[in-house]
Amino acid sequence: MRQLKKRAQFLKAARGRKIVRRGFVLQAVAHNEDCDMGPGIGYTVTKKVGNAPQRNRVKRRLRALSQEFAEKFDPKFNYVLIGRQEALHEPFNELKKSLARALGKIHVERSAASHAIDRKSKS
RNA sequence: UCAGUUGGUCGGGCAGUCGCUCCUUUUAGGAGAGGAAAGUCCGGACUCCAUGGAGACACGGUGCCGGAUAACGUCCGGCGAGGGCGACCUUAGGGAAAGUGCCACAGAAAGCAAACCGCCGCGUUUAGCGCGGUAAGGGUGAAAGGGUGCGGUAAGAGCGCACCGCGGAGCUGGCAACAGGUUCGGCAUGGUAAACCCCACCGGGAGCAAAACCAAAUAGGGAUGGCAUAGUACAAGCUUGCUUGUGCGGAUCGGUUUCCAGAUCAGUCAUCCGGGUUGGUUGCAUAAGCCCUCUGGCAACAGAUGGCUCAGAUGAAUGGCUGCCACGCAGAUUUUUCUGCCUUACAGAAUCCGGCUUAUAGACCAACUGACAAU
């Protein structure tokens with residue numbers, strides 16, 4: 001898995017599909033980069049969540065969460081996980097269930113999204 | 001036992017499993033957030049800016065004395081003043097007879113004193129008025145020109161005396177701030193310097209996104225305008241009027257300026273157009289380092305022997321989950337036990353140190369003080 005590091009990559013992912021869950025927001029968008037490195041994942045935790053230790057904790061829980069679902073991510077896509085305040089105290093099993101459902105849903109809608117991008121590029 | 005003062009320490013532990021960053025001797029092993037990592041308020045190290053030394057001016061900071069320190073507005077030990085029964089605490093604490101300003105309201109008067117009421121004397125002759133003396137009393141105020149007492153006086157007053165305060169001189173103790181006697185003066189010097197100011201001391205600016213190097217890419221720019229466009233002597237070379245070198249001279253370089261030393265320069269500045277502003281390495285952790293013991297010092301701290309190596313990320317590692325224990329909180333139960341929650345409060349390194357300030361659930365240790373009880 002790659003980690004997203006450029007601001008442009010985050011801005012691009014924000015224009016893709018979006019699914020809001022209790023602990024986090026999942027964004028996904030197709031990319032034209034090298035697929036050998038696996039899917040790209042970035043994490044965003046804003047100052048709204050809390051002070052520095054709380055933000056660190058949310059980011060670490062999200063990172064551990066995506067580690068559990070490493071094979072469920074599509075190498076042709078870039079993902080961004082946005083942490084919310086509930087991710088601080090939500091039981092980890094609940095977060096796992098939420099991400100499993102969100103991944104299943106976003107993979108269904110993904111095809112439609114990629115069609116939209118195709119249509120855009122054609123026109 | 002209760003109440004309190006001061007100083008200090010810690011601020012979850014163990015195990016399993018899956019991961020992250022760095023290092024090494026790479027089937028593996030080791031290390032991996034704090035007392036404040038925070039606020040960015042002071043002081044430094046280091047780097048760059050052509051600056052360095054001396055003087056003057058300006059600006060800013062500090063401000064009892066002595067010491068510690070690389071330095072400090074920090075720390076330690078004293079002194080003075082204030083508070084507390086006490087342990088102890090607080091303290092922006094130089095100069096008000098160098099000068100200027102200010103002291104609202106109230107009050108007669110707020111600083112070369114001053115007479116509203118009152119008191120006393122004299123004159124006039126009668127609910128009083130006029131002239132003079134008087135700061136003891138009343139009243140106002142944050143503050144009324146030393147305080148208390150006795151004498152003195154027409155009434156009063158440092159007018160005189162004693163004590164206290166104040167000031168001068170000198171003595172003793174102390175490195176000093178200062179303290180304690182002695183003697184003289186006879187009250188002169190209201191407060192305010194986090195008002196100007198005076199005095200003493202200190203201070204160049206920007207900051208690791210500093211700065212250096214490597215690689216890639218692009219460029220080695222163009223146009224317009226302003227200001228300069230400089231000279232001179234000597235030497236060498238030849239192309240014989242140019243080039244190079246040296247000296248004198250010129251310009252620029254600190255907050256301003258003078259002097260001395262030094263550096264840079266053949267163009268420079270402004271505007272517009274065009275291009276670029278990416279990645280990596282170093283800086284970057286062996287240091288004003290930490291620990292034990294000893295020595296000197298009341299202490300801050302200094303010195304010595306020995307031992308240790310202790311985060312190094314850069315969309316930024318240092319974690320997720322599970323089990324047990326300890327503590328705390330809540331509920332049920334109400335001697336006990338069970339369940340749940342936080343796995344704890346404040347809070348996350350970003351070049352590195354010394355401080356300050358602010359936040360902090362709770363636990364522990366030591367010394368000391370007061371009260372009560374017992375001996």
# chains A, B, ... in the order shown; residues from 1 in each chain; ligands from 1

$ closest_atom_pairs --of "chain B" --to "chain A" --cutoff "9 Å" --atoms "only C-alpha atoms (C1' of nucleotides)" --output "JSON lines"
{"residue": "B:G19", "atom": "C1'", "partner": "A:Ala64", "partner_atom": "CA", "distance": 7.6}
{"residue": "B:G315", "atom": "C1'", "partner": "A:Lys5", "partner_atom": "CA", "distance": 4.8}
{"residue": "B:G319", "atom": "C1'", "partner": "A:Arg60", "partner_atom": "CA", "distance": 6.3}
{"residue": "B:G320", "atom": "C1'", "partner": "A:Ala64", "partner_atom": "CA", "distance": 5.3}
{"residue": "B:C321", "atom": "C1'", "partner": "A:Phe92", "partner_atom": "CA", "distance": 8.0}
{"residue": "B:A347", "atom": "C1'", "partner": "A:Pro53", "partner_atom": "CA", "distance": 7.0}
{"residue": "B:G348", "atom": "C1'", "partner": "A:Pro53", "partner_atom": "CA", "distance": 5.5}

$ residues_around --residues "range 225-233 of chain B" --least-positions-apart "2" --cutoff "9 Å" --atoms "only C-alpha atoms (C1' of nucleotides)" --output "list in words"
G247, C248, G249, G250, G267, U268, C269, A270 and U271 of chain B

$ atom_distance --atom1 "C1' of G149 in chain B" --atom2 "C1' of G137 in chain B"
17.6 Å

$ residues_around --residues "A92 in chain B" --least-positions-apart "3" --cutoff "12 Å" --atoms "only C-alpha atoms (C1' of nucleotides)" --output "list of chain:residue names"
B:U62, B:G63, B:G73, B:A193, B:A194

$ closest_residue --among "A:Gly23, A:Lys72, A:Lys47, A:Phe77" --to "Leu95 in chain A" --atoms "only C-alpha atoms"
A:Gly23

$ residues_around --residues "G323 in chain B" --least-positions-apart "2" --cutoff "12 Å" --atoms "only C-alpha atoms (C1' of nucleotides)" --output "VMD selection string"
chain B and resid 14 to 17 321 325

$ residues_around --residues "C368 in chain B" --least-positions-apart "6" --cutoff "12 Å" --atoms "only C-alpha atoms (C1' of nucleotides)" --output "JSON, numbers by chain"
{"B": [4, 5, 6, 7, 86, 87, 88]}

$ write_last_selection --atoms "N, CA and C atoms (P, O5', C5', C4', C3', O3' and C1' of nucleotides)" --output "PDB file, in the first residue's frame"
ATOM      1  P     G B   4      -5.561  22.632  56.448  1.00  0.00           P
ATOM      2  O5'   G B   4      -4.064  23.161  56.612  1.00  0.00           O
ATOM      3  C5'   G B   4      -3.795  24.542  56.606  1.00  0.00           C
ATOM      4  C4'   G B   4      -2.418  24.876  57.133  1.00  0.00           C
ATOM      5  C3'   G B   4      -1.270  24.879  56.138  1.00  0.00           C
ATOM      6  O3'   G B   4      -1.306  25.997  55.273  1.00  0.00           O
ATOM      7  C1'   G B   4      -0.560  23.980  58.218  1.00  0.00           C
ATOM      8  P     U B   5      -0.623  25.872  53.825  1.00  0.00           P
ATOM      9  O5'   U B   5       0.925  26.026  54.148  1.00  0.00           O
ATOM     10  C5'   U B   5       1.426  27.230  54.706  1.00  0.00           C
ATOM     11  C4'   U B   5       2.914  27.135  54.951  1.00  0.00           C
ATOM     12  C3'   U B   5       3.746  26.656  53.774  1.00  0.00           C
ATOM     13  O3'   U B   5       3.993  27.677  52.824  1.00  0.00           O
ATOM     14  C1'   U B   5       4.438  25.531  55.730  1.00  0.00           C
ATOM     15  P     U B   6       4.152  27.273  51.262  1.00  0.00           P
ATOM     16  O5'   U B   6       5.590  26.599  51.192  1.00  0.00           O
ATOM     17  C5'   U B   6       6.749  27.358  51.505  1.00  0.00           C
ATOM     18  C4'   U B   6       7.963  26.470  51.688  1.00  0.00           C
ATOM     19  C3'   U B   6       8.329  25.593  50.504  1.00  0.00           C
ATOM     20  O3'   U B   6       9.011  26.291  49.488  1.00  0.00           O
ATOM     21  C1'   U B   6       8.439  24.312  52.497  1.00  0.00           C
ATOM     22  P     G B   7       8.838  25.809  47.934  1.00  0.00           P
ATOM     23  O5'   G B   7       9.713  24.486  47.849  1.00  0.00           O
ATOM     24  C5'   G B   7      11.122  24.557  48.034  1.00  0.00           C
ATOM     25  C4'   G B   7      11.724  23.188  48.233  1.00  0.00           C
ATOM     26  C3'   G B   7      11.487  22.178  47.122  1.00  0.00           C
ATOM     27  O3'   G B   7      12.319  22.381  46.002  1.00  0.00           O
ATOM     28  C1'   G B   7      11.133  21.141  49.211  1.00  0.00           C
ATOM     29  P     G B  86       4.738  35.453  64.626  1.00  0.00           P
ATOM     30  O5'   G B  86       5.248  33.969  64.336  1.00  0.00           O
ATOM     31  C5'   G B  86       6.150  33.336  65.246  1.00  0.00           C
ATOM     32  C4'   G B  86       6.220  31.860  64.971  1.00  0.00           C
ATOM     33  C3'   G B  86       6.741  31.481  63.590  1.00  0.00           C
ATOM     34  O3'   G B  86       8.147  31.395  63.587  1.00  0.00           O
ATOM     35  C1'   G B  86       4.744  30.284  64.051  1.00  0.00           C
ATOM     36  P     A B  87       8.980  31.655  62.217  1.00  0.00           P
ATOM     37  O5'   A B  87       8.901  30.269  61.440  1.00  0.00           O
ATOM     38  C5'   A B  87       9.668  29.146  61.872  1.00  0.00           C
ATOM     39  C4'   A B  87       9.239  27.903  61.150  1.00  0.00           C
ATOM     40  C3'   A B  87       9.385  27.952  59.637  1.00  0.00           C
ATOM     41  O3'   A B  87      10.669  27.581  59.201  1.00  0.00           O
ATOM     42  C1'   A B  87       7.227  27.157  60.221  1.00  0.00           C
ATOM     43  P     C B  88      11.599  28.589  58.410  1.00  0.00           P
ATOM     44  O5'   C B  88      10.616  29.295  57.382  1.00  0.00           O
ATOM     45  C5'   C B  88      10.225  28.675  56.171  1.00  0.00           C
ATOM     46  C4'   C B  88       8.838  29.139  55.775  1.00  0.00           C
ATOM     47  C3'   C B  88       8.764  30.223  54.706  1.00  0.00           C
ATOM     48  O3'   C B  88       8.900  29.706  53.399  1.00  0.00           O
ATOM     49  C1'   C B  88       7.356  30.812  56.498  1.00  0.00           C
TER      50        C B  88
END
